[in-house]
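Note: the block below is my_file33.cif and it holds mmCIF, C-alpha atoms.
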data_work
loop_
_atom_site.label_atom_id
_atom_site.label_comp_id
_atom_site.auth_asym_id
_atom_site.auth_seq_id
_atom_site.Cartn_x
_atom_site.Cartn_y
_atom_site.Cartn_z
CA MET A 298 -2.32 26.24 -17.19
CA GLN A 299 -4.22 25.55 -20.41
CA TYR A 300 -0.94 25.89 -22.31
CA ILE A 301 0.71 23.26 -20.06
CA ILE A 302 -2.24 20.87 -20.45
CA GLY A 303 -2.18 21.38 -24.22
CA PHE A 304 1.56 20.74 -24.34
CA LEU A 305 1.16 17.54 -22.31
CA ILE A 306 -1.62 16.29 -24.58
CA LEU A 307 0.50 17.03 -27.66
CA THR A 308 3.53 15.29 -26.13
CA LEU A 309 1.49 12.21 -25.19
CA GLY A 310 0.07 12.19 -28.70
CA TRP A 311 3.54 12.13 -30.24
CA ILE A 312 4.64 9.38 -27.85
CA ASN A 313 1.62 7.34 -28.91
CA VAL A 314 2.39 7.90 -32.61
CA ALA A 315 6.05 6.88 -32.05
CA ALA A 316 4.92 3.72 -30.22
CA GLN A 317 2.56 2.83 -33.09
CA LEU A 318 5.36 3.33 -35.62
CA GLN A 319 7.65 1.07 -33.57
CA ASP A 320 4.91 -1.56 -33.42
CA LYS A 321 4.47 -1.39 -37.21
CA GLN A 322 8.20 -1.69 -37.81
CA TYR A 323 8.43 -4.63 -35.44
CA TYR A 324 5.46 -6.28 -37.17
CA LYS A 325 7.18 -5.85 -40.55
CA HIS A 326 10.33 -7.36 -39.08
CA LEU A 327 8.45 -10.42 -37.81
CA LYS A 328 6.62 -10.74 -41.13
CA LYS A 329 9.91 -10.83 -43.03
CA ILE A 330 11.25 -13.53 -40.73
CA GLU A 331 8.09 -15.59 -41.24
CA ILE A 332 8.44 -15.28 -45.03
CA SER A 333 12.05 -16.44 -44.72
CA ARG A 334 10.92 -19.47 -42.71
CA LYS A 335 7.93 -20.47 -44.86
CA LYS A 336 9.55 -19.90 -48.25
CA ASN A 337 13.10 -20.93 -47.27
CA LYS A 338 14.35 -17.53 -48.37
CA VAL A 339 17.34 -15.44 -47.33
CA ILE A 340 16.20 -12.03 -46.13
CA ILE A 341 17.73 -9.11 -44.27
CA SER A 342 15.89 -7.16 -41.60
CA ASN A 343 17.23 -4.78 -38.95
CA ASP A 344 20.79 -5.41 -40.24
CA THR A 345 20.39 -9.15 -39.57
CA VAL A 346 20.57 -11.85 -42.25
CA PHE A 347 17.97 -14.59 -41.78
CA ASN A 348 18.14 -17.98 -43.49
CA HIS A 349 15.09 -20.25 -43.30
CA GLY A 350 13.77 -17.97 -40.55
CA GLN A 351 16.90 -18.33 -38.41
CA ALA A 352 19.28 -15.46 -37.64
CA TYR A 353 22.51 -16.18 -39.52
CA ALA A 354 24.74 -13.09 -39.29
CA VAL A 355 24.80 -9.30 -39.06
CA LEU A 356 25.35 -7.29 -42.25
CA LYS A 357 25.63 -3.54 -41.71
CA LYS A 358 25.65 -0.87 -44.41
CA ILE A 359 28.34 1.83 -44.16
CA LYS A 360 27.77 5.02 -46.14
CA LYS A 361 30.94 6.20 -47.86
CA SER A 362 29.34 8.82 -50.14
CA PRO A 363 25.76 9.70 -51.19
CA PHE A 364 25.54 6.72 -53.56
CA VAL A 365 28.31 4.40 -52.41
CA PHE A 366 27.99 1.92 -49.54
CA ASP A 367 30.38 -0.58 -48.01
CA TYR A 368 29.18 -3.53 -45.92
CA VAL A 369 30.66 -5.27 -42.90
CA LEU A 370 29.70 -8.85 -42.08
CA SER A 371 29.77 -9.78 -38.39
CA SER A 372 28.81 -12.74 -36.25
CA LEU A 373 25.62 -12.53 -34.20
CA GLN A 374 27.89 -11.65 -31.25
CA GLY A 375 29.19 -8.61 -33.13
CA LYS A 376 32.67 -9.86 -34.15
CA GLU A 377 33.57 -8.31 -37.52
CA LEU A 378 34.64 -11.01 -39.97
CA VAL A 379 34.46 -9.74 -43.56
CA TYR A 380 34.47 -6.24 -45.03
CA PHE A 381 32.91 -5.66 -48.47
CA LYS A 382 34.52 -2.49 -49.85
CA ARG A 383 32.87 -0.92 -52.89
CA GLU A 384 35.48 -0.26 -55.59
CA SER A 385 35.59 0.75 -59.23
CA VAL A 386 38.12 0.52 -62.03
CA ASN A 387 38.33 2.20 -65.41
CA THR A 388 37.66 -0.12 -68.34
CA GLN A 389 38.95 0.28 -71.88
CA VAL A 390 35.43 1.08 -73.11
CA THR A 391 34.46 4.67 -73.97
CA ASN A 392 30.77 5.63 -73.86
CA ASP A 393 28.89 7.96 -76.22
CA ASN A 394 29.87 10.99 -74.11
CA GLY A 395 33.55 10.26 -74.52
CA HIS A 396 34.02 9.13 -70.92
CA THR A 397 35.72 5.89 -69.92
CA GLU A 398 33.22 3.49 -68.40
CA LYS A 399 33.78 2.14 -64.91
CA LYS A 400 33.32 -1.40 -63.66
CA TYR A 401 32.07 -1.64 -60.09
CA TYR A 402 32.85 -4.51 -57.74
CA PHE A 403 33.42 -5.40 -54.11
CA LEU A 404 36.88 -5.81 -52.64
CA VAL A 405 36.26 -8.58 -50.11
CA VAL A 406 38.59 -8.22 -47.10
CA PHE A 407 38.83 -11.18 -44.73
CA ILE A 408 39.59 -9.25 -41.57
CA GLN A 409 41.51 -11.85 -39.58
CA SER A 410 43.88 -12.97 -42.36
CA GLY A 411 43.99 -9.67 -44.23
CA LYS A 412 43.59 -11.58 -47.51
CA THR A 413 41.38 -10.19 -50.27
CA CYS A 414 39.47 -11.19 -53.35
CA GLU A 415 37.27 -9.28 -55.77
CA LEU A 416 33.62 -9.91 -56.43
CA GLU A 417 31.38 -8.56 -59.16
CA ILE A 418 27.90 -8.88 -57.69
CA ASN A 419 24.73 -6.84 -57.34
CA THR A 420 24.29 -5.44 -53.83
CA SER A 421 20.84 -7.02 -53.53
CA ARG A 422 22.47 -10.46 -54.00
CA LEU A 423 25.10 -9.96 -51.30
CA LYS A 424 23.08 -11.59 -48.50
CA ASN A 425 22.41 -14.65 -50.67
CA PHE A 426 26.07 -14.88 -51.64
CA ILE A 427 27.05 -14.92 -47.95
CA VAL A 428 24.66 -17.78 -47.12
CA GLU A 429 25.22 -19.77 -50.33
CA ASN A 430 28.97 -19.78 -49.70
CA ASN A 431 28.49 -20.66 -46.03
CA LEU A 432 30.77 -17.83 -44.94
CA ILE A 433 29.88 -18.20 -41.27
CA THR A 434 29.82 -21.40 -39.24
CA ASN A 435 29.12 -21.41 -35.50
CA ASN A 436 29.40 -17.62 -35.43
CA GLU A 437 32.95 -17.73 -36.82
CA LEU A 438 34.37 -17.26 -40.30
CA ASN A 439 34.41 -20.52 -42.23
CA ASN A 440 38.08 -20.85 -43.19
CA GLU A 441 37.33 -23.38 -45.93
CA SER A 442 34.89 -20.94 -47.53
CA GLU A 443 37.53 -18.22 -47.39
CA LYS A 444 40.09 -20.46 -49.13
CA LYS A 445 37.56 -21.41 -51.79
CA LEU A 446 36.62 -17.80 -52.57
CA LEU A 447 40.27 -16.76 -52.74
CA GLN A 448 40.94 -19.56 -55.23
CA ILE A 449 37.87 -18.94 -57.39
CA HIS A 450 37.78 -15.14 -57.49
CA GLY A 451 41.24 -13.85 -56.59
CA ASN A 452 41.89 -10.24 -57.62
CA THR A 453 41.12 -10.75 -61.28
CA ILE A 454 38.99 -7.62 -61.86
CA SER A 455 41.58 -4.99 -60.94
CA ALA A 456 44.32 -7.08 -62.56
CA LYS A 457 42.41 -7.16 -65.84
CA TYR A 458 41.79 -3.42 -66.12
CA SER A 459 44.57 -1.79 -64.10
CA GLN A 460 48.00 -0.84 -65.39
CA PRO A 461 50.72 -3.37 -64.49
CA CYS A 462 52.59 -2.63 -61.24
CA THR A 463 56.33 -2.05 -61.11
CA THR A 464 58.60 -4.53 -59.37
CA GLU A 465 58.76 -2.28 -56.32
CA GLU A 466 54.96 -2.13 -56.14
CA ASN A 467 54.67 -5.90 -56.36
CA ASN A 468 56.78 -6.27 -53.22
CA TYR A 469 53.72 -5.51 -51.11
CA THR A 470 52.56 -8.47 -49.02
CA SER A 471 49.11 -8.83 -47.54
CA THR A 472 48.76 -7.44 -44.03
CA VAL A 473 47.18 -9.51 -41.28
CA HIS A 474 44.91 -7.07 -39.51
CA ILE A 475 45.27 -6.96 -35.74
CA THR A 476 42.09 -8.28 -34.12
CA ARG A 477 40.58 -5.45 -32.09
CA ASN A 478 37.51 -3.29 -31.63
CA ARG A 479 37.73 -1.26 -34.83
CA HIS A 480 35.18 1.24 -33.47
CA ALA A 481 37.35 2.12 -30.46
CA PRO A 482 38.96 5.59 -30.37
CA VAL A 483 42.28 6.03 -32.18
CA TYR A 484 45.08 7.79 -30.32
CA ILE A 485 48.73 8.58 -31.03
CA LYS A 486 51.73 8.47 -28.68
CA GLY A 487 54.93 9.73 -30.26
CA ASP A 488 55.08 8.05 -33.66
CA ASN A 489 52.90 5.09 -32.63
CA ILE A 490 49.21 4.65 -33.49
CA PHE A 491 46.96 2.78 -31.06
CA GLN A 492 43.38 1.52 -31.16
CA ASP A 493 41.62 -0.51 -28.48
CA ASN A 494 44.83 -0.20 -26.40
CA MET A 495 46.78 -2.06 -29.12
CA LEU A 496 49.69 -0.82 -31.20
CA ILE A 497 48.52 -1.07 -34.81
CA ALA A 498 50.85 1.19 -36.82
CA HIS A 499 53.83 3.56 -36.83
CA TYR A 500 54.38 6.67 -38.88
CA THR A 501 57.13 9.11 -39.80
CA LYS A 502 56.89 12.82 -40.56
CA HIS A 503 59.23 14.56 -43.00
CA HIS A 504 59.50 18.23 -44.00
CA GLN A 505 61.09 19.31 -47.27
CA ILE A 506 61.64 22.92 -48.35
CA LYS A 507 62.32 23.61 -52.01
CA ASN A 508 62.01 26.94 -53.80
CA SER A 509 60.20 28.45 -50.78
CA ASN A 510 57.62 25.66 -50.96
CA THR A 511 57.25 23.38 -47.93
CA THR A 512 56.10 19.79 -48.43
CA ILE A 513 55.10 17.57 -45.50
CA THR A 514 55.08 13.80 -45.95
CA LEU A 515 53.52 11.32 -43.52
CA THR A 516 54.42 7.66 -44.10
CA PHE A 517 52.43 4.95 -42.32
CA PHE A 518 53.75 1.45 -41.56
CA ASP A 519 51.95 -1.66 -40.29
CA ALA A 520 52.96 -2.56 -36.73
CA ASN A 521 52.85 -6.31 -37.46
CA THR A 522 54.89 -6.56 -40.65
CA GLY A 523 56.60 -3.20 -41.02
CA ASN A 524 55.13 -2.92 -44.53
CA MET A 525 54.37 0.54 -45.82
CA ILE A 526 50.63 1.23 -45.74
CA ALA A 527 50.37 4.69 -47.26
CA GLN A 528 52.06 8.01 -47.86
CA ALA A 529 50.27 11.33 -47.37
CA THR A 530 51.70 14.60 -48.68
CA ILE A 531 50.68 18.23 -48.56
CA SER A 532 52.47 21.38 -49.72
CA ASP A 533 52.08 25.14 -49.58
CA LYS A 534 50.85 25.11 -53.18
CA ASN A 535 48.04 22.71 -52.34
CA ALA A 536 47.20 23.29 -48.70
CA ARG A 537 43.55 22.28 -48.92
CA ASN A 538 43.87 18.51 -49.05
CA TRP A 539 46.29 15.78 -48.12
CA GLU A 540 47.13 13.63 -51.17
CA ILE A 541 47.31 9.99 -50.07
CA ILE A 542 48.63 7.00 -52.02
CA THR A 543 47.86 3.60 -50.50
CA HIS A 544 50.68 1.16 -51.18
CA ALA A 545 48.57 -2.03 -51.46
CA ASP A 546 46.49 -0.93 -54.45
CA ARG A 547 48.29 2.25 -55.60
CA LYS A 548 45.05 4.20 -55.27
CA LYS A 549 44.96 7.95 -54.76
CA HIS A 550 42.83 9.51 -52.01
CA GLN A 551 42.21 12.98 -50.65
CA VAL A 552 41.63 14.01 -47.04
CA LYS A 553 40.85 17.58 -46.05
CA PHE A 554 43.62 19.54 -44.32
CA TYR A 555 42.62 20.56 -40.78
CA ASN A 556 45.91 22.06 -39.50
CA GLY A 557 45.78 20.06 -36.32
CA GLN A 558 45.69 16.30 -35.54
CA ASP A 559 45.90 15.57 -39.25
CA ASP A 560 48.05 12.50 -38.54
CA LYS A 561 45.21 11.07 -36.42
CA ILE A 562 42.57 11.99 -39.01
CA ILE A 563 44.51 10.28 -41.81
CA ALA A 564 45.09 7.21 -39.62
CA GLU A 565 41.33 7.01 -38.93
CA TYR A 566 40.64 7.31 -42.67
CA LEU A 567 43.01 4.43 -43.43
CA ILE A 568 41.44 2.32 -40.66
CA ASP A 569 37.89 3.05 -41.87
CA ASN A 570 38.91 1.89 -45.35
CA PHE A 571 40.57 -1.28 -43.99
CA TYR A 572 44.15 -0.51 -44.96
CA PHE A 573 45.24 -1.53 -41.46
#
How would this structure read if it were set down as structure tokens?
Amino acid sequence: MQYIIGFLILTLGWINVAAQLQDKQYYKHLKKIEISRKKNKVIISNDTVFNHGQAYAVLKKIKKSPFVFDYVLSSLQGKELVYFKRESVNTQVTNDNGHTEKKYYFLVVFIQSGKTCELEINTSRLKNFIVENNLITNNELNNESEKKLLQIHGNTISAKYSQPCTTEENNYTSTVHITRNRHAPVYIKGDNIFQDNMLIAHYTKHHQIKNSNTTITLTFFDANTGNMIAQATISDKNARNWEIITHADRKKHQVKFYNGQDDKIIAEYLIDNFYF
């Protein structure tokens, strides 16, 4: 009986501590909003961007690796509008250790149009950039702001440092992403890929045997345009990871081989990284 009473007291104590912590966090949240209002500052609290004390938009951080984060900008109703994808490119500069230095930037993906531009900006300035460029109006993407950013920034960073593309590579046209709930489960029927009950992509599967080595190739195509999105290959000699080349930017990626539902796993990877 004493044990039960002691357990109840301890449990109530923890509940009280948790409630106090929530109160403190809520107080900090309100304090930040008040600072935004009084000092006409742009702040972010609880994944919400506030401008002059008024909620402006939702900006969520997405962890891609221990030190790399992407960001998705949504309306206050939760509609995803812009994806800020953290990218890097090798420069022509070599540091003292003999390694080529990298330049880091954001690939800005306008979700509805599928158009992109590149932005070299400190992460801490991202919220200010969003407000200063009036990216959201009446809880929708401001199309004029999108046009302006595309004209001003373009894709000049990767173009400056990357190797020139071949004619075949330059045939890629920007994909208009199908509007849907991008957090809905992904499922495959035959060679069709669905999300949120919408057909979003197709894929083909090809086996090649050469010198007793089997190579499997998965090729993904956008359901809207028919454009190639990516090719994923794996062989007996390298059966640990799928090697993926995305057609839009000619980048190389690796996805672990699971020997089951790999087509679905690769499709989810491409969706998470806004390739379709």
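The protein and nucleic acid residues lying at most 12 Å from Gly375 in chain A are Asp344, Thr345, Tyr353, Ala354, Val355, Leu356, Lys357, Val369, Asn436, Glu437, Arg477, Asn478, Arg479 and His480 of chain A, with all atoms listed in the file considered and sequence neighbours fewer than 6 positions away removed.
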Dump as a PDB file, in the coordinates of the input, selection limited to C-alpha atoms:
ATOM      1  CA  ASP A 344      20.790  -5.410 -40.240  1.00  0.00           C
ATOM      2  CA  THR A 345      20.390  -9.150 -39.570  1.00  0.00           C
ATOM      3  CA  TYR A 353      22.510 -16.180 -39.520  1.00  0.00           C
ATOM      4  CA  ALA A 354      24.740 -13.090 -39.290  1.00  0.00           C
ATOM      5  CA  VAL A 355      24.800  -9.300 -39.060  1.00  0.00           C
ATOM      6  CA  LEU A 356      25.350  -7.290 -42.250  1.00  0.00           C
ATOM      7  CA  LYS A 357      25.630  -3.540 -41.710  1.00  0.00           C
ATOM      8  CA  VAL A 369      30.660  -5.270 -42.900  1.00  0.00           C
ATOM      9  CA  ASN A 436      29.400 -17.620 -35.430  1.00  0.00           C
ATOM     10  CA  GLU A 437      32.950 -17.730 -36.820  1.00  0.00           C
ATOM     11  CA  ARG A 477      40.580  -5.450 -32.090  1.00  0.00           C
ATOM     12  CA  ASN A 478      37.510  -3.290 -31.630  1.00  0.00           C
ATOM     13  CA  ARG A 479      37.730  -1.260 -34.830  1.00  0.00           C
ATOM     14  CA  HIS A 480      35.180   1.240 -33.470  1.00  0.00           C
TER      15      HIS A 480
END
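The list of residues with at least one atom within 7 Å of range 543-548 of chain A, based on all atoms listed in the file and without residues fewer than 5 positions apart in the same chain, reads Tyr469, Met525, Ile526, Ala527 and Gln528 of chain A.
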Report as a PDB file with C-alpha atoms, keeping the file's coordinate frame the full result of the PyMOL selection byres ((chain A and resi 486-491) around 10) when it is applied to this structure.
ATOM      1  CA  ALA A 481      37.350   2.120 -30.460  1.00  0.00           C
ATOM      2  CA  PRO A 482      38.960   5.590 -30.370  1.00  0.00           C
ATOM      3  CA  VAL A 483      42.280   6.030 -32.180  1.00  0.00           C
ATOM      4  CA  TYR A 484      45.080   7.790 -30.320  1.00  0.00           C
ATOM      5  CA  ILE A 485      48.730   8.580 -31.030  1.00  0.00           C
ATOM      6  CA  GLN A 492      43.380   1.520 -31.160  1.00  0.00           C
ATOM      7  CA  ASP A 493      41.620  -0.510 -28.480  1.00  0.00           C
ATOM      8  CA  ASN A 494      44.830  -0.200 -26.400  1.00  0.00           C
ATOM      9  CA  MET A 495      46.780  -2.060 -29.120  1.00  0.00           C
ATOM     10  CA  LEU A 496      49.690  -0.820 -31.200  1.00  0.00           C
ATOM     11  CA  ILE A 497      48.520  -1.070 -34.810  1.00  0.00           C
ATOM     12  CA  ALA A 498      50.850   1.190 -36.820  1.00  0.00           C
ATOM     13  CA  HIS A 499      53.830   3.560 -36.830  1.00  0.00           C
ATOM     14  CA  TYR A 500      54.380   6.670 -38.880  1.00  0.00           C
ATOM     15  CA  THR A 501      57.130   9.110 -39.800  1.00  0.00           C
ATOM     16  CA  LYS A 502      56.890  12.820 -40.560  1.00  0.00           C
ATOM     17  CA  PHE A 517      52.430   4.950 -42.320  1.00  0.00           C
ATOM     18  CA  PHE A 518      53.750   1.450 -41.560  1.00  0.00           C
ATOM     19  CA  ASP A 519      51.950  -1.660 -40.290  1.00  0.00           C
ATOM     20  CA  ALA A 520      52.960  -2.560 -36.730  1.00  0.00           C
ATOM     21  CA  ASP A 560      48.050  12.500 -38.540  1.00  0.00           C
ATOM     22  CA  LYS A 561      45.210  11.070 -36.420  1.00  0.00           C
ATOM     23  CA  ALA A 564      45.090   7.210 -39.620  1.00  0.00           C
ATOM     24  CA  GLU A 565      41.330   7.010 -38.930  1.00  0.00           C
TER      25      GLU A 565
END
- Exercise: range 509-513 of chain A partners within 7 Å, all atoms listed in the file, chain neighbours under 6 positions left out, as a PyMOL selection string: chain A and resi 503+530-533
- CA of Lys361 in chain A to CA of Thr388 in chain A measures 22.5 Å
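What separates CA of Gly350 in chain A from CA of Lys328 in chain A is a distance of 10.2 Å.
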- Could you tell me which residues the PyMOL selection byres ((chain A and resi 552) around 7) grabs in this file, written as a PyMOL selection string? chain A and resi 538-540+550-551+553-554
Could you extract range 365-389 of chain A of the given structure into a file holding N, CA, C and O atoms, as a PDB file, in the first residue's frame?
ATOM      1  N   VAL A 365      22.376  18.983 -41.244  1.00  0.00           N
ATOM      2  CA  VAL A 365      21.742  19.562 -42.435  1.00  0.00           C
ATOM      3  C   VAL A 365      20.229  19.551 -42.258  1.00  0.00           C
ATOM      4  O   VAL A 365      19.642  18.516 -41.942  1.00  0.00           O
ATOM      5  N   PHE A 366      19.617  20.719 -42.487  1.00  0.00           N
ATOM      6  CA  PHE A 366      18.165  20.850 -42.337  1.00  0.00           C
ATOM      7  C   PHE A 366      17.565  21.496 -43.581  1.00  0.00           C
ATOM      8  O   PHE A 366      18.118  22.456 -44.119  1.00  0.00           O
ATOM      9  N   ASP A 367      16.448  20.950 -44.029  1.00  0.00           N
ATOM     10  CA  ASP A 367      15.623  21.612 -45.035  1.00  0.00           C
ATOM     11  C   ASP A 367      14.491  22.322 -44.300  1.00  0.00           C
ATOM     12  O   ASP A 367      14.267  22.090 -43.109  1.00  0.00           O
ATOM     13  N   TYR A 368      13.764  23.181 -45.031  1.00  0.00           N
ATOM     14  CA  TYR A 368      12.637  23.892 -44.431  1.00  0.00           C
ATOM     15  C   TYR A 368      11.471  23.889 -45.418  1.00  0.00           C
ATOM     16  O   TYR A 368      11.670  24.007 -46.634  1.00  0.00           O
ATOM     17  N   VAL A 369      10.272  23.752 -44.888  1.00  0.00           N
ATOM     18  CA  VAL A 369       9.077  23.830 -45.732  1.00  0.00           C
ATOM     19  C   VAL A 369       8.201  24.967 -45.217  1.00  0.00           C
ATOM     20  O   VAL A 369       7.914  25.065 -44.026  1.00  0.00           O
ATOM     21  N   LEU A 370       7.828  25.845 -46.135  1.00  0.00           N
ATOM     22  CA  LEU A 370       6.991  27.000 -45.815  1.00  0.00           C
ATOM     23  C   LEU A 370       5.548  26.679 -46.175  1.00  0.00           C
ATOM     24  O   LEU A 370       5.251  26.299 -47.312  1.00  0.00           O
ATOM     25  N   SER A 371       4.656  26.830 -45.212  1.00  0.00           N
ATOM     26  CA  SER A 371       3.240  26.519 -45.419  1.00  0.00           C
ATOM     27  C   SER A 371       2.382  27.705 -45.007  1.00  0.00           C
ATOM     28  O   SER A 371       2.825  28.586 -44.254  1.00  0.00           O
ATOM     29  N   SER A 372       1.149  27.713 -45.493  1.00  0.00           N
ATOM     30  CA  SER A 372       0.188  28.705 -45.033  1.00  0.00           C
ATOM     31  C   SER A 372      -0.221  28.361 -43.612  1.00  0.00           C
ATOM     32  O   SER A 372       0.082  27.275 -43.110  1.00  0.00           O
ATOM     33  N   LEU A 373      -0.941  29.259 -42.961  1.00  0.00           N
ATOM     34  CA  LEU A 373      -1.400  29.007 -41.599  1.00  0.00           C
ATOM     35  C   LEU A 373      -2.417  27.856 -41.566  1.00  0.00           C
ATOM     36  O   LEU A 373      -2.644  27.264 -40.515  1.00  0.00           O
ATOM     37  N   GLN A 374      -2.984  27.530 -42.734  1.00  0.00           N
ATOM     38  CA  GLN A 374      -3.921  26.400 -42.825  1.00  0.00           C
ATOM     39  C   GLN A 374      -3.201  25.075 -43.091  1.00  0.00           C
ATOM     40  O   GLN A 374      -3.821  24.028 -43.160  1.00  0.00           O
ATOM     41  N   GLY A 375      -1.873  25.151 -43.271  1.00  0.00           N
ATOM     42  CA  GLY A 375      -1.089  23.930 -43.452  1.00  0.00           C
ATOM     43  C   GLY A 375      -0.800  23.550 -44.888  1.00  0.00           C
ATOM     44  O   GLY A 375      -0.225  22.493 -45.149  1.00  0.00           O
ATOM     45  N   LYS A 376      -1.161  24.379 -45.863  1.00  0.00           N
ATOM     46  CA  LYS A 376      -0.880  24.082 -47.271  1.00  0.00           C
ATOM     47  C   LYS A 376       0.583  24.388 -47.570  1.00  0.00           C
ATOM     48  O   LYS A 376       1.040  25.524 -47.415  1.00  0.00           O
ATOM     49  N   GLU A 377       1.330  23.372 -48.016  1.00  0.00           N
ATOM     50  CA  GLU A 377       2.753  23.550 -48.304  1.00  0.00           C
ATOM     51  C   GLU A 377       2.923  24.344 -49.591  1.00  0.00           C
ATOM     52  O   GLU A 377       2.337  24.014 -50.627  1.00  0.00           O
ATOM     53  N   LEU A 378       3.739  25.404 -49.525  1.00  0.00           N
ATOM     54  CA  LEU A 378       3.876  26.327 -50.644  1.00  0.00           C
ATOM     55  C   LEU A 378       5.285  26.379 -51.220  1.00  0.00           C
ATOM     56  O   LEU A 378       5.463  26.424 -52.439  1.00  0.00           O
ATOM     57  N   VAL A 379       6.283  26.399 -50.346  1.00  0.00           N
ATOM     58  CA  VAL A 379       7.681  26.513 -50.798  1.00  0.00           C
ATOM     59  C   VAL A 379       8.557  25.565 -49.980  1.00  0.00           C
ATOM     60  O   VAL A 379       8.388  25.456 -48.764  1.00  0.00           O
ATOM     61  N   TYR A 380       9.466  24.889 -50.682  1.00  0.00           N
ATOM     62  CA  TYR A 380      10.403  23.984 -50.005  1.00  0.00           C
ATOM     63  C   TYR A 380      11.808  24.546 -50.178  1.00  0.00           C
ATOM     64  O   TYR A 380      12.259  24.818 -51.302  1.00  0.00           O
ATOM     65  N   PHE A 381      12.516  24.740 -49.060  1.00  0.00           N
ATOM     66  CA  PHE A 381      13.892  25.228 -49.073  1.00  0.00           C
ATOM     67  C   PHE A 381      14.808  24.023 -48.846  1.00  0.00           C
ATOM     68  O   PHE A 381      14.906  23.518 -47.734  1.00  0.00           O
ATOM     69  N   LYS A 382      15.461  23.582 -49.892  1.00  0.00           N
ATOM     70  CA  LYS A 382      16.282  22.366 -49.844  1.00  0.00           C
ATOM     71  C   LYS A 382      17.755  22.750 -49.741  1.00  0.00           C
ATOM     72  O   LYS A 382      18.291  23.442 -50.603  1.00  0.00           O
ATOM     73  N   ARG A 383      18.397  22.306 -48.671  1.00  0.00           N
ATOM     74  CA  ARG A 383      19.802  22.645 -48.440  1.00  0.00           C
ATOM     75  C   ARG A 383      20.679  21.888 -49.430  1.00  0.00           C
ATOM     76  O   ARG A 383      20.615  20.665 -49.544  1.00  0.00           O
ATOM     77  N   GLU A 384      21.496  22.630 -50.188  1.00  0.00           N
ATOM     78  CA  GLU A 384      22.359  22.034 -51.191  1.00  0.00           C
ATOM     79  C   GLU A 384      23.787  22.545 -51.031  1.00  0.00           C
ATOM     80  O   GLU A 384      24.034  23.518 -50.314  1.00  0.00           O
ATOM     81  N   SER A 385      24.710  21.891 -51.699  1.00  0.00           N
ATOM     82  CA  SER A 385      26.091  22.357 -51.717  1.00  0.00           C
ATOM     83  C   SER A 385      26.698  22.034 -53.069  1.00  0.00           C
ATOM     84  O   SER A 385      26.243  21.124 -53.772  1.00  0.00           O
ATOM     85  N   VAL A 386      27.712  22.792 -53.436  1.00  0.00           N
ATOM     86  CA  VAL A 386      28.395  22.573 -54.704  1.00  0.00           C
ATOM     87  C   VAL A 386      29.889  22.800 -54.484  1.00  0.00           C
ATOM     88  O   VAL A 386      30.288  23.649 -53.676  1.00  0.00           O
ATOM     89  N   ASN A 387      30.705  22.017 -55.159  1.00  0.00           N
ATOM     90  CA  ASN A 387      32.146  22.199 -55.046  1.00  0.00           C
ATOM     91  C   ASN A 387      32.577  23.458 -55.776  1.00  0.00           C
ATOM     92  O   ASN A 387      32.148  23.719 -56.902  1.00  0.00           O
ATOM     93  N   THR A 388      33.425  24.250 -55.116  1.00  0.00           N
ATOM     94  CA  THR A 388      33.980  25.445 -55.751  1.00  0.00           C
ATOM     95  C   THR A 388      35.330  25.079 -56.380  1.00  0.00           C
ATOM     96  O   THR A 388      35.766  23.945 -56.317  1.00  0.00           O
ATOM     97  N   GLN A 389      35.966  26.051 -56.964  1.00  0.00           N
ATOM     98  CA  GLN A 389      37.288  25.826 -57.545  1.00  0.00           C
ATOM     99  C   GLN A 389      38.403  26.150 -56.548  1.00  0.00           C
ATOM    100  O   GLN A 389      39.582  26.125 -56.887  1.00  0.00           O
TER     101      GLN A 389
END
